[in-house]
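Undergrad: Sharing a structure here in structure tokens format.
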Amino acid sequence: MVEPANFVPVLEEKELQEGKMKLVRIEGLPILLIKQQGQIYVIDDRCPHMGCAFSGGTLEGTTIICPCHDWRFNLKTREYEEEPLIKITSYEWKIESGKIWVKIAEE
Ligand code: FES
């Protein structure tokens with residue numbers, strides 16, 4: 001089957017373990033893959049506040065906390081807890097042939 005050109009394989013599915021984050025680069029973009037409570041999230045690694053890397057931050061359930069100024073974002077809604085209009089950028093993804101594929105266009 002021919003894949004749509006904008007989905008790219010980034011990681012073996014088994015390499016992303018529960019409760020962990022994995023940073024990859026796609027066409028120069030830092031993209032963070034997270035598996036939390038059985039769900040996969042694929043987000044831009046750069047915090048919408050001042051661009052710090054979420055990959056250096058911490059996870060608390062489905063909340064990710066930026067390491068620079070401790071802003072807390074809900075991975076499910078992508079919203080900053082204090083101001084829901086500020087959101088993490090996320091990417092569409094799928095699992096196929098044992099791999100996680102990410103679509104480069106932002107959601
Ligand atoms: S850069 Fe992320 S909270 Fe400031």
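Note on naming: chains are A, B, ... as they come in the structure tokens, residues start from 1 per chain, ligands start from 1 in the order shown.
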Near Thr62 (chain A), counting only C-alpha atoms, which residues have an atom at most 7 Å away, once you skip same-chain residues fewer than 5 positions from it, shown as an MDAnalysis selection string?
TA: chainID A and resid 36 74:76
Undergrad: From a DSSP pass on the backbone, collect the residues of chain A flagged as strand (DSSP E or B) and hand them back as a ChimeraX atom specification.
TA: /A:7-12,20-26,29-36,39-44,46,53,58-60,63-65,72-74,79-80,83-87,90-96,99-106
Undergrad: Please extract the residues at most 7 Å from ligand 1, counting only C-alpha atoms and all ligand atoms, and provide them as a VMD selection string, using the chain letters and residue numbers of this document.
TA: chain A and resid 47 to 52 66 to 71
Undergrad: Among region 4-103 of chain A, which ones does DSSP assign to helix (DSSP H, G or I) (computed from the backbone)? Answer as a PyMOL selection string.
TA: chain A and resi 13-15+54-56
Undergrad: I'd like the contact shell of Leu11 (chain A) - 9 Å cut-off, only C-alpha atoms, skipping same-chain residues fewer than 3 positions apart - returned as a list in words.
TA: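 After dropping sequence-adjacent residues, the list is Lys14, Glu15, Leu16, Lys22, Val24, Gly98, Lys99, Ile100 and Trp101 of chain A.
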Undergrad: If you keep C-alpha atoms, can you produce a file of those selected residues as an mmCIF file, in the first residue's frame?
TA:
```
data_model
loop_
_atom_site.group_PDB
_atom_site.id
_atom_site.type_symbol
_atom_site.label_atom_id
_atom_site.label_comp_id
_atom_site.auth_asym_id
_atom_site.auth_seq_id
_atom_site.Cartn_x
_atom_site.Cartn_y
_atom_site.Cartn_z
ATOM 1 C CA LYS A 14 7.474 -0.866 20.875
ATOM 2 C CA GLU A 15 10.151 1.778 21.457
ATOM 3 C CA LEU A 16 7.611 4.120 23.045
ATOM 4 C CA LYS A 22 10.706 10.146 23.029
ATOM 5 C CA VAL A 24 12.431 12.741 17.274
ATOM 6 C CA GLY A 98 4.462 -1.802 13.871
ATOM 7 C CA LYS A 99 5.580 1.793 13.457
ATOM 8 C CA ILE A 100 4.304 5.160 14.602
ATOM 9 C CA TRP A 101 3.739 7.470 11.655
#
```
Undergrad: So, counting only C-alpha atoms, which residue among A:Glu13, A:Glu96, A:Asp45, A:Glu18 is closest to Ile31 (chain A)?
TA: A:Asp45
